[in-house]
>>> print(open('input.csv').read())   # CSV, C-alpha atoms
chain,number,residue,atom,x,y,z
A,1,MET,CA,200.0,86.4,109.0
A,2,LYS,CA,196.9,88.2,108.0
A,3,PRO,CA,196.4,90.2,104.8
A,4,PRO,CA,199.0,93.0,104.2
A,5,ILE,CA,198.8,96.7,104.6
A,6,ARG,CA,199.9,98.4,101.4
A,7,PHE,CA,201.9,101.6,102.1
A,8,TYR,CA,202.0,103.9,99.1
A,9,PHE,CA,204.4,106.8,99.7
A,10,ASP,CA,206.6,109.4,98.0
A,11,PHE,CA,210.2,109.7,99.3
A,12,ALA,CA,209.8,113.5,99.2
A,13,SER,CA,206.8,113.5,101.4
A,14,PRO,CA,207.4,114.6,105.1
A,15,TYR,CA,204.1,113.0,106.1
A,16,ALA,CA,205.2,109.7,104.5
A,17,TYR,CA,208.5,109.9,106.5
A,18,PHE,CA,206.5,110.5,109.7
A,19,ALA,CA,204.2,107.5,109.0
A,20,SER,CA,207.2,105.3,108.0
A,21,MET,CA,208.5,105.7,111.6
A,22,ARG,CA,205.2,104.2,113.0
A,23,ILE,CA,203.7,101.8,110.4
A,24,GLU,CA,205.9,98.7,111.1
A,25,ASP,CA,205.2,98.8,114.8
A,26,LEU,CA,201.5,99.3,114.3
A,27,ALA,CA,201.3,96.5,111.7
A,28,ARG,CA,203.2,94.1,113.9
A,29,GLU,CA,200.7,94.6,116.8
A,30,TYR,CA,198.0,93.2,114.5
A,31,ASP,CA,200.1,90.6,112.8
A,32,ARG,CA,200.0,92.3,109.4
A,33,PRO,CA,202.9,92.5,106.9
A,34,VAL,CA,203.6,95.9,105.3
A,35,GLU,CA,204.1,96.3,101.6
A,36,TRP,CA,206.2,99.4,101.0
A,37,CYS,CA,205.4,100.9,97.6
A,38,PRO,CA,207.2,104.1,96.7
A,39,VAL,CA,205.4,106.2,94.0
A,40,LEU,CA,205.6,109.7,92.6
A,41,VAL,CA,202.8,111.8,93.9
A,42,TRP,CA,203.2,114.4,91.2
A,43,ALA,CA,202.6,111.7,88.6
A,44,ILE,CA,199.6,110.4,90.4
A,45,LEU,CA,198.0,113.8,90.8
A,46,LYS,CA,198.7,114.6,87.2
A,47,ALA,CA,196.9,111.4,86.1
A,48,HIS,CA,193.9,112.5,88.2
A,49,GLY,CA,194.1,116.1,87.0
A,50,ILE,CA,194.8,117.4,90.5
A,51,ALA,CA,197.1,120.4,91.2
A,52,PRO,CA,200.1,119.7,93.5
A,53,PRO,CA,199.3,120.6,97.2
A,54,MET,CA,202.1,123.2,97.6
A,55,ASP,CA,201.4,125.1,94.4
A,56,ALA,CA,199.5,127.9,96.2
A,57,PRO,CA,201.8,130.1,98.4
A,58,VAL,CA,199.3,130.1,101.3
A,59,LYS,CA,199.2,126.3,101.4
A,60,ARG,CA,202.9,126.1,101.1
A,61,ASP,CA,203.4,128.4,104.1
A,62,TYR,CA,200.8,126.5,106.1
A,63,PHE,CA,202.3,123.0,105.3
A,64,LEU,CA,205.9,124.0,105.9
A,65,ARG,CA,204.9,125.1,109.4
A,66,ASP,CA,202.7,122.1,109.9
A,67,MET,CA,205.5,119.7,108.9
A,68,GLU,CA,207.9,121.2,111.4
A,69,ARG,CA,205.3,121.2,114.1
A,70,SER,CA,204.0,117.7,113.3
A,71,ALA,CA,207.5,116.4,113.6
A,72,ARG,CA,207.8,117.8,117.1
A,73,PHE,CA,204.3,116.6,118.0
A,74,LEU,CA,205.2,113.1,116.8
A,75,ASP,CA,208.7,113.2,118.3
A,76,VAL,CA,210.4,112.5,115.0
A,77,GLU,CA,213.7,114.1,114.1
A,78,TYR,CA,213.2,116.6,111.2
A,79,ARG,CA,214.9,119.4,109.5
A,80,GLU,CA,213.3,121.3,106.6
A,81,PRO,CA,214.6,119.7,103.4
A,82,VAL,CA,216.9,121.6,101.0
A,83,ARG,CA,213.9,122.0,98.6
A,84,MET,CA,210.3,120.9,98.2
A,85,PRO,CA,208.7,119.7,96.0
A,86,LEU,CA,211.3,117.5,94.4
A,87,SER,CA,211.0,114.4,92.2
A,88,SER,CA,212.1,111.3,94.1
A,89,HIS,CA,212.2,109.0,91.0
A,90,LEU,CA,215.8,107.9,91.6
A,91,ALA,CA,215.3,106.5,95.0
A,92,ALA,CA,211.9,105.0,94.1
A,93,ARG,CA,213.3,103.2,91.0
A,94,LEU,CA,216.1,101.7,93.1
A,95,PHE,CA,213.8,100.7,95.9
A,96,HIS,CA,211.6,98.7,93.4
A,97,VAL,CA,214.7,97.0,91.9
A,98,LEU,CA,216.0,96.1,95.4
A,99,SER,CA,212.6,94.9,96.4
A,100,ARG,CA,212.7,92.4,93.6
A,101,ASP,CA,216.3,91.4,93.7
A,102,HIS,CA,217.6,92.0,97.2
A,103,PRO,CA,214.4,92.3,99.3
A,104,ALA,CA,216.2,92.4,102.7
A,105,LEU,CA,217.9,95.7,101.7
A,106,ALA,CA,214.9,97.6,100.4
A,107,ILE,CA,213.4,98.9,103.7
A,108,PRO,CA,216.7,99.7,105.3
A,109,PHE,CA,217.5,101.7,102.1
A,110,ALA,CA,214.1,103.5,102.3
A,111,ARG,CA,214.8,104.5,105.9
A,112,SER,CA,218.2,105.8,104.9
A,113,VAL,CA,216.7,107.8,102.0
A,114,PHE,CA,214.1,109.4,104.3
A,115,ARG,CA,216.9,110.3,106.8
A,116,ALA,CA,219.1,111.7,104.1
A,117,PHE,CA,216.4,114.1,102.9
A,118,PHE,CA,214.5,114.9,106.1
A,119,VAL,CA,217.3,115.0,108.7
A,120,GLU,CA,220.6,115.4,106.9
A,121,LYS,CA,219.3,117.9,104.3
A,122,HIS,CA,220.8,116.1,101.3
A,123,ASP,CA,219.3,116.5,97.8
A,124,ILE,CA,217.8,113.1,97.0
A,125,ALA,CA,217.1,114.1,93.4
A,126,THR,CA,220.8,113.7,92.6
A,127,ASP,CA,222.5,110.4,91.6
A,128,ASP,CA,225.5,110.9,93.9
A,129,VAL,CA,223.4,111.4,97.0
A,130,VAL,CA,221.2,108.3,96.3
A,131,ALA,CA,224.2,106.2,95.4
A,132,SER,CA,226.0,107.2,98.6
A,133,VAL,CA,222.9,106.4,100.7
A,134,ALA,CA,222.7,103.0,98.9
A,135,VAL,CA,226.4,102.2,99.5
A,136,GLU,CA,226.1,103.1,103.2
A,137,THR,CA,223.1,100.7,103.4
A,138,GLY,CA,225.3,97.9,102.0
A,139,ILE,CA,224.3,98.0,98.3
A,140,PRO,CA,227.1,97.8,95.7
A,141,ARG,CA,227.5,101.1,93.8
A,142,ASP,CA,227.0,99.5,90.4
A,143,VAL,CA,223.8,97.9,91.6
A,144,ALA,CA,222.6,101.3,92.8
A,145,ILE,CA,223.5,103.1,89.6
A,146,GLU,CA,221.8,100.4,87.4
A,147,GLY,CA,218.7,100.6,89.7
A,148,MET,CA,218.5,104.3,89.3
A,149,LYS,CA,219.3,104.5,85.6
A,150,GLY,CA,218.4,101.1,84.0
A,151,GLN,CA,215.2,100.1,82.3
A,152,ALA,CA,214.0,97.7,85.1
A,153,GLY,CA,213.8,100.5,87.6
A,154,ARG,CA,211.9,102.7,85.2
A,155,ASP,CA,209.4,100.0,84.4
A,156,LEU,CA,208.9,98.9,88.0
A,157,LEU,CA,208.2,102.5,89.1
A,158,GLU,CA,205.9,103.2,86.2
A,159,ASN,CA,203.9,100.1,87.0
A,160,ALA,CA,203.7,101.1,90.7
A,161,VAL,CA,202.4,104.6,89.7
A,162,THR,CA,199.8,103.0,87.3
A,163,GLU,CA,198.7,100.6,90.0
A,164,ALA,CA,198.4,103.4,92.6
A,165,VAL,CA,196.3,105.5,90.3
A,166,SER,CA,193.9,102.6,89.8
A,167,ALA,CA,193.9,101.9,93.5
A,168,GLY,CA,192.6,105.4,94.2
A,169,VAL,CA,195.7,106.8,95.8
A,170,VAL,CA,195.2,110.6,96.2
A,171,GLY,CA,198.4,111.6,98.0
A,172,SER,CA,201.2,110.4,100.3
A,173,PRO,CA,201.2,108.5,102.5
A,174,PHE,CA,198.2,106.4,101.5
A,175,PHE,CA,197.5,103.0,103.2
A,176,VAL,CA,195.2,100.3,101.9
A,177,ALA,CA,194.1,97.5,104.3
A,178,ASP,CA,191.3,95.0,103.3
A,179,GLY,CA,190.3,97.3,100.5
A,180,GLU,CA,189.9,100.3,102.7
A,181,GLY,CA,192.0,103.4,101.9
A,182,PHE,CA,193.5,105.8,104.6
A,183,PHE,CA,195.1,109.0,103.4
A,184,GLY,CA,197.7,110.8,105.5
A,185,ALA,CA,199.9,110.2,108.6
A,186,ASP,CA,197.0,111.6,110.6
A,187,ARG,CA,194.8,108.6,109.6
A,188,LEU,CA,197.1,106.1,111.4
A,189,PRO,CA,194.7,106.2,114.4
A,190,GLN,CA,191.8,105.3,112.1
A,191,LEU,CA,193.9,102.5,110.5
A,192,ARG,CA,194.6,101.1,114.0
A,193,TRP,CA,190.9,101.2,114.8
A,194,HIS,CA,190.2,99.4,111.5
A,195,LEU,CA,192.8,96.7,112.4
A,196,GLU,CA,191.2,96.3,115.8
A,197,GLY,CA,188.1,95.3,113.8
A,198,LYS,CA,186.0,98.2,114.9
A,199,SER,CA,185.5,100.1,111.6
B,200,MET,CA,190.1,133.9,130.4
B,201,LYS,CA,193.1,133.4,128.2
B,202,PRO,CA,193.3,134.5,124.6
B,203,PRO,CA,190.6,133.0,122.3
B,204,ILE,CA,190.7,130.1,119.8
B,205,ARG,CA,189.3,131.4,116.5
B,206,PHE,CA,187.3,128.7,114.7
B,207,TYR,CA,186.9,129.3,111.0
B,208,PHE,CA,184.5,126.9,109.3
B,209,ASP,CA,182.1,126.3,106.5
B,210,PHE,CA,178.6,125.1,107.4
B,211,ALA,CA,178.9,122.7,104.4
B,212,SER,CA,182.1,121.0,105.7
B,213,PRO,CA,181.7,117.6,107.4
B,214,TYR,CA,185.1,118.0,109.1
B,215,ALA,CA,184.0,121.3,110.5
B,216,TYR,CA,180.8,119.6,111.9
B,217,PHE,CA,183.0,116.9,113.5
B,218,ALA,CA,185.3,119.5,115.0
B,219,SER,CA,182.3,121.6,116.2
B,220,MET,CA,181.3,118.7,118.4
B,221,ARG,CA,184.7,118.8,120.2
B,222,ILE,CA,186.1,122.3,120.2
B,223,GLU,CA,184.0,123.8,123.1
B,224,ASP,CA,184.9,121.0,125.5
B,225,LEU,CA,188.6,121.2,124.5
B,226,ALA,CA,188.7,125.0,124.9
B,227,ARG,CA,187.0,124.9,128.3
B,228,GLU,CA,189.7,122.6,129.6
B,229,TYR,CA,192.3,125.2,128.9
B,230,ASP,CA,190.1,128.2,129.9
B,231,ARG,CA,189.9,129.6,126.3
B,232,PRO,CA,186.9,131.1,124.7
B,233,VAL,CA,186.0,130.0,121.2
B,234,GLU,CA,185.2,132.5,118.4
B,235,TRP,CA,183.1,130.8,115.9
B,236,CYS,CA,183.6,132.4,112.4
B,237,PRO,CA,181.6,130.8,109.5
B,238,VAL,CA,183.2,131.5,106.1
B,239,LEU,CA,182.8,130.2,102.6
B,240,VAL,CA,185.6,127.9,101.7
B,241,TRP,CA,184.9,128.1,98.0
B,242,ALA,CA,185.4,131.9,98.2
B,243,ILE,CA,188.6,131.5,100.2
B,244,LEU,CA,190.1,128.9,97.9
B,245,LYS,CA,189.1,131.1,94.9
B,246,ALA,CA,191.0,134.1,96.4
B,247,HIS,CA,194.1,131.9,96.8
B,248,GLY,CA,193.7,130.3,93.4
B,249,ILE,CA,193.2,126.8,94.8
B,250,ALA,CA,190.9,124.2,93.2
B,251,PRO,CA,188.0,122.9,95.4
B,252,PRO,CA,189.1,119.7,97.2
B,253,MET,CA,186.3,117.5,95.7
B,254,ASP,CA,186.7,118.6,92.1
B,255,ALA,CA,188.6,115.4,91.1
B,256,PRO,CA,186.4,112.3,91.1
B,257,VAL,CA,189.1,110.2,92.9
B,258,LYS,CA,189.3,112.7,95.7
B,259,ARG,CA,185.5,113.0,95.9
B,260,ASP,CA,185.2,109.2,96.2
B,261,TYR,CA,187.9,109.1,98.9
B,262,PHE,CA,186.6,111.9,101.0
B,263,LEU,CA,182.9,110.7,100.9
B,264,ARG,CA,184.2,107.4,102.3
B,265,ASP,CA,186.5,109.1,104.8
B,266,MET,CA,183.7,111.4,106.0
B,267,GLU,CA,181.4,108.5,106.8
B,268,ARG,CA,184.2,106.5,108.4
B,269,SER,CA,185.5,109.5,110.4
B,270,ALA,CA,182.1,110.1,111.8
B,271,ARG,CA,182.0,106.5,113.1
B,272,PHE,CA,185.6,106.8,114.4
B,273,LEU,CA,184.7,110.0,116.2
B,274,ASP,CA,181.3,108.6,117.3
B,275,VAL,CA,179.4,111.5,115.8
B,276,GLU,CA,176.0,111.0,114.2
B,277,TYR,CA,176.2,111.5,110.4
B,278,ARG,CA,174.3,110.8,107.2
B,279,GLU,CA,175.7,111.8,103.8
B,280,PRO,CA,174.2,115.2,102.9
B,281,VAL,CA,171.7,115.6,100.0
B,282,ARG,CA,174.5,117.3,98.0
B,283,MET,CA,178.1,118.4,98.3
B,284,PRO,CA,179.7,120.8,97.6
B,285,LEU,CA,177.0,123.4,98.4
B,286,SER,CA,177.2,127.1,99.2
B,287,SER,CA,176.4,127.8,102.8
B,288,HIS,CA,176.1,131.6,102.5
B,289,LEU,CA,172.5,131.8,103.9
B,290,ALA,CA,173.4,130.2,107.2
B,291,ALA,CA,176.7,132.0,107.4
B,292,ARG,CA,175.2,135.5,106.9
B,293,LEU,CA,172.5,134.8,109.5
B,294,PHE,CA,175.1,133.5,111.9
B,295,HIS,CA,177.1,136.7,111.7
B,296,VAL,CA,174.0,138.9,112.2
B,297,LEU,CA,173.0,136.9,115.2
B,298,SER,CA,176.5,137.0,116.6
B,299,ARG,CA,176.3,140.8,116.5
B,300,ASP,CA,172.6,141.3,117.6
B,301,HIS,CA,171.6,138.2,119.5
B,302,PRO,CA,174.9,136.5,120.5
B,303,ALA,CA,173.4,133.9,122.8
B,304,LEU,CA,171.5,132.5,119.9
B,305,ALA,CA,174.4,132.2,117.4
B,306,ILE,CA,176.1,129.0,118.5
B,307,PRO,CA,172.8,127.1,119.1
B,308,PHE,CA,171.8,128.1,115.6
B,309,ALA,CA,175.1,126.9,114.2
B,310,ARG,CA,174.7,123.5,115.9
B,311,SER,CA,171.1,123.2,114.5
B,312,VAL,CA,172.4,124.1,111.0
B,313,PHE,CA,175.0,121.4,111.2
B,314,ARG,CA,172.4,118.9,112.4
B,315,ALA,CA,170.0,119.8,109.6
B,316,PHE,CA,172.6,119.3,106.9
B,317,PHE,CA,174.6,116.4,108.3
B,318,VAL,CA,172.0,114.3,110.2
B,319,GLU,CA,168.6,115.3,108.9
B,320,LYS,CA,169.6,115.6,105.2
B,321,HIS,CA,168.0,119.0,104.6
B,322,ASP,CA,169.3,121.3,101.9
B,323,ILE,CA,170.8,124.3,103.8
B,324,ALA,CA,171.2,126.3,100.6
B,325,THR,CA,167.5,127.0,100.6
B,326,ASP,CA,165.8,129.9,102.4
B,327,ASP,CA,163.0,127.8,103.8
B,328,VAL,CA,165.3,125.2,105.4
B,329,VAL,CA,167.5,127.8,107.1
B,330,ALA,CA,164.5,129.9,108.2
B,331,SER,CA,162.9,126.8,109.8
B,332,VAL,CA,166.1,125.9,111.6
B,333,ALA,CA,166.3,129.4,112.9
B,334,VAL,CA,162.7,129.4,114.1
B,335,GLU,CA,163.2,126.1,115.9
B,336,THR,CA,166.2,127.7,117.6
B,337,GLY,CA,164.0,130.6,118.9
B,338,ILE,CA,164.8,133.2,116.3
B,339,PRO,CA,161.8,135.1,114.9
B,340,ARG,CA,161.2,134.3,111.2
B,341,ASP,CA,161.5,138.0,110.1
B,342,VAL,CA,164.9,138.3,111.8
B,343,ALA,CA,166.0,135.1,110.1
B,344,ILE,CA,164.9,136.3,106.6
B,345,GLU,CA,166.5,139.7,107.1
B,346,GLY,CA,169.8,138.1,108.3
B,347,MET,CA,169.9,135.8,105.2
B,348,LYS,CA,168.8,138.5,102.6
B,349,GLY,CA,169.7,141.9,104.1
B,350,GLN,CA,172.8,143.9,103.4
B,351,ALA,CA,174.2,143.5,107.0
B,352,GLY,CA,174.6,139.8,106.6
B,353,ARG,CA,176.2,140.1,103.2
B,354,ASP,CA,178.7,142.7,104.5
B,355,LEU,CA,179.5,140.7,107.7
B,356,LEU,CA,180.2,137.5,105.7
B,357,GLU,CA,182.2,139.3,103.1
B,358,ASN,CA,184.4,140.8,105.9
B,359,ALA,CA,184.8,137.4,107.5
B,360,VAL,CA,186.0,135.8,104.3
B,361,THR,CA,188.4,138.7,103.6
B,362,GLU,CA,189.8,138.4,107.2
B,363,ALA,CA,190.1,134.6,106.8
B,364,VAL,CA,192.0,135.0,103.5
B,365,SER,CA,194.5,137.3,105.2
B,366,ALA,CA,194.8,135.1,108.2
B,367,GLY,CA,196.0,132.3,106.0
B,368,VAL,CA,193.0,130.0,106.3
B,369,VAL,CA,193.4,127.2,103.7
B,370,GLY,CA,190.3,125.1,104.3
B,371,SER,CA,187.6,124.1,106.9
B,372,PRO,CA,187.9,123.7,109.8
B,373,PHE,CA,190.8,126.0,110.6
B,374,PHE,CA,191.8,127.0,114.1
B,375,VAL,CA,194.0,129.9,115.1
B,376,ALA,CA,195.4,130.0,118.7
B,377,ASP,CA,198.1,132.4,119.7
B,378,GLY,CA,198.9,133.1,116.0
B,379,GLU,CA,199.4,129.4,115.3
B,380,GLY,CA,197.1,127.8,112.6
B,381,PHE,CA,195.7,124.3,112.7
B,382,PHE,CA,194.0,122.9,109.6
B,383,GLY,CA,191.5,120.0,109.9
B,384,ALA,CA,189.5,118.2,112.5
B,385,ASP,CA,192.5,115.8,112.6
B,386,ARG,CA,194.7,118.6,114.0
B,387,LEU,CA,192.6,118.8,117.3
B,388,PRO,CA,195.2,116.6,119.1
B,389,GLN,CA,198.0,119.1,118.0
B,390,LEU,CA,195.8,122.0,119.1
B,391,ARG,CA,195.4,120.4,122.5
B,392,TRP,CA,199.1,119.8,122.7
B,393,HIS,CA,199.6,123.5,121.9
B,394,LEU,CA,197.2,124.6,124.6
B,395,GLU,CA,199.1,122.4,127.1
B,396,GLY,CA,202.1,124.6,126.3
B,397,LYS,CA,204.1,121.9,124.7
B,398,SER,CA,204.3,123.1,121.1
>>> encode(input="input.csv", output="structure tokens")
Amino acid sequence: MKPPIRFYFDFASPYAYFASMRIEDLAREYDRPVEWCPVLVWAILKAHGIAPPMDAPVKRDYFLRDMERSARFLDVEYREPVRMPLSSHLAARLFHVLSRDHPALAIPFARSVFRAFFVEKHDIATDDVVASVAVETGIPRDVAIEGMKGQAGRDLLENAVTEAVSAGVVGSPFFVADGEGFFGADRLPQLRWHLEGKS
Amino acid sequence: MKPPIRFYFDFASPYAYFASMRIEDLAREYDRPVEWCPVLVWAILKAHGIAPPMDAPVKRDYFLRDMERSARFLDVEYREPVRMPLSSHLAARLFHVLSRDHPALAIPFARSVFRAFFVEKHDIATDDVVASVAVETGIPRDVAIEGMKGQAGRDLLENAVTEAVSAGVVGSPFFVADGEGFFGADRLPQLRWHLEGKS
């Protein structure tokens, strides 16, 4: 296989959810593995001194409308989440622990988290919801709780955020292929063009 | 003709320049007129309490790279401008005066301003540059100077900014069709989909 595509995302980002429905198929076409790397956008923006994108009411209104419309445009199932923004640290910590200890479960877990938040309207900032999603994905409950609450998950997520900050990640989703960064689900066509060797 | 597409843009926005190369062809396909409305993004963001997009060095670096790459992706001629951000009030004022008094000259003038800034690396924040662009587009020099400096241009631009703020414009380019807003050159595919009646 050729060099990987690194996929930085926040579990609470609708555009990351949309991109997650496309990136594996796209990467497979060009024989690239995908490295899923959940991060916390709020922490990355804070490190860069950037205000969160939905702070201003006019941007919040626009993006809520754009999210719903983009889902229809991309033909992705979507219902407006129970609240946004929201800190997705529990799911992100558990993902990183799974990725290290039970790698085959990590991406199925990630897809279930996205579905829980963006289709089933569950609050993924709560332990119970994330634990239930994990159990349904075949992860023992004690492994899930330890992943969300233990030191390993905290450290792995902190490292991921630090690495993303130094990689120049400016939001979610953010893809890096061959040193080239692509920000936003709407940059997938440019990522494809890059993978075709035309950039 | 069917209802218009309103095209809000800042002359200093590369993504507006890219969109300006596509919007007329797209609108013509669906029998829609385009209303070009230059505004000042810095003034709109200030009214909404939003920080300029290129304030943070990491976003500046990303966007400079993305602008150059997007131009190649879209096959649009582009050279990095002499400086960004920059206030495009002179060209915007003159555009609004032309639009009122010499409407046939307004869009050709706008295209020449974009070209002067994004291809020829001229500083469109200076009187001389904008006056020269105007003269080359067939506008008498005294009309150009009066448009840039007179009260009419100031008032027309101020009204346009106020109107854009209340229309929910959050950046450049921003399109409104049938009450639906589309932000960014990368939303042109969604605008097309809307014009097809599928949204």
>>> closest_atom_pairs(input="input.csv", of="chain A", to="chain B", cutoff="8 Å", atoms="all atoms listed in the file", output="CSV")
residue,atom,partner,partner_atom,distance
A:His48,CA,B:Ala255,CA,6.7
A:Gly49,CA,B:Ala255,CA,6.9
A:Ile50,CA,B:Ala255,CA,6.5
A:Ala51,CA,B:Ala250,CA,7.5
A:Ala56,CA,B:Ile249,CA,6.5
A:Val58,CA,B:Gly367,CA,6.1
A:Lys59,CA,B:Val369,CA,6.3
A:Tyr62,CA,B:Gly367,CA,7.5
A:Asp66,CA,B:Phe381,CA,7.9
A:Arg69,CA,B:Ser398,CA,7.3
A:Ser70,CA,B:Gln389,CA,7.7
A:Arg72,CA,B:Ser398,CA,7.5
A:Phe73,CA,B:Gln389,CA,6.8
A:Gly168,CA,B:Val257,CA,6.1
A:Val169,CA,B:Val257,CA,8.0
A:Val170,CA,B:Lys258,CA,6.3
A:Gly181,CA,B:Tyr261,CA,7.6
A:Phe182,CA,B:Asp265,CA,7.7
A:Asp186,CA,B:Asp385,CA,6.5
A:Gln190,CA,B:Phe272,CA,6.8
A:Trp193,CA,B:Phe272,CA,7.7
A:Ser199,CA,B:Phe272,CA,7.3
>>> atom_distance(input="input.csv", atom1="CA of Gly179 (chain A)", atom2="CA of Cys37 (chain A)")
15.8 Å
>>> closest_residue(input="input.csv", among="B:Leu387, B:Met220, B:Met347, B:Ala290", to="Ile323 (chain B)", atoms="only C-alpha atoms")
B:Ala290
>>> residues_around(input="input.csv", residues="Pro33 (chain A)", least_positions_apart="2", cutoff="7 Å", atoms="only C-alpha atoms", output="JSON, numbers by chain")
{"A": [4, 5, 27, 31, 35]}
>>> closest_residue(input="input.csv", among="B:Val375, B:Val318, B:Leu297, B:Ala309", to="Val342 (chain B)", atoms="all atoms listed in the file")
B:Leu297
>>> residues_around(input="input.csv", residues="Asp300 (chain B)", least_positions_apart="3", cutoff="12 Å", atoms="only C-alpha atoms", output="PDB file with C-alpha atoms, keeping the file's coordinate frame")
ATOM      1  CA  LEU B 293     172.500 134.800 109.500  1.00  0.00           C
ATOM      2  CA  PHE B 294     175.100 133.500 111.900  1.00  0.00           C
ATOM      3  CA  HIS B 295     177.100 136.700 111.700  1.00  0.00           C
ATOM      4  CA  VAL B 296     174.000 138.900 112.200  1.00  0.00           C
ATOM      5  CA  LEU B 297     173.000 136.900 115.200  1.00  0.00           C
ATOM      6  CA  ALA B 303     173.400 133.900 122.800  1.00  0.00           C
ATOM      7  CA  LEU B 304     171.500 132.500 119.900  1.00  0.00           C
ATOM      8  CA  ALA B 305     174.400 132.200 117.400  1.00  0.00           C
ATOM      9  CA  ILE B 338     164.800 133.200 116.300  1.00  0.00           C
ATOM     10  CA  VAL B 342     164.900 138.300 111.800  1.00  0.00           C
ATOM     11  CA  ALA B 343     166.000 135.100 110.100  1.00  0.00           C
ATOM     12  CA  GLY B 346     169.800 138.100 108.300  1.00  0.00           C
ATOM     13  CA  ALA B 351     174.200 143.500 107.000  1.00  0.00           C
ATOM     14  CA  GLY B 352     174.600 139.800 106.600  1.00  0.00           C
TER      15      GLY B 352
END
>>> residues_near_point(input="input.csv", point="(214.5, 107.5, 92.3)", cutoff="12 Å", atoms="only C-alpha atoms", output="PyMOL selection string")
chain A and resi 10-12+38-40+86-98+109-110+113+123-131+133-134+144-150+153-154+156-158
>>> atom_distance(input="input.csv", atom1="CA of Lys320 (chain B)", atom2="CA of Val281 (chain B)")
5.6 Å
>>> closest_residue(input="input.csv", among="A:Trp42, A:Tyr30, A:Phe114, A:Tyr78", to="Ala16 (chain A)", atoms="all atoms listed in the file")
A:Phe114
>>> atom_distance(input="input.csv", atom1="CA of Arg141 (chain A)", atom2="CA of Glu77 (chain A)")
27.8 Å
>>> closest_residue(input="input.csv", among="B:Asn358, B:Ser219, B:Thr336, B:Ser212", to="Val240 (chain B)", atoms="all atoms listed in the file")
B:Ser212
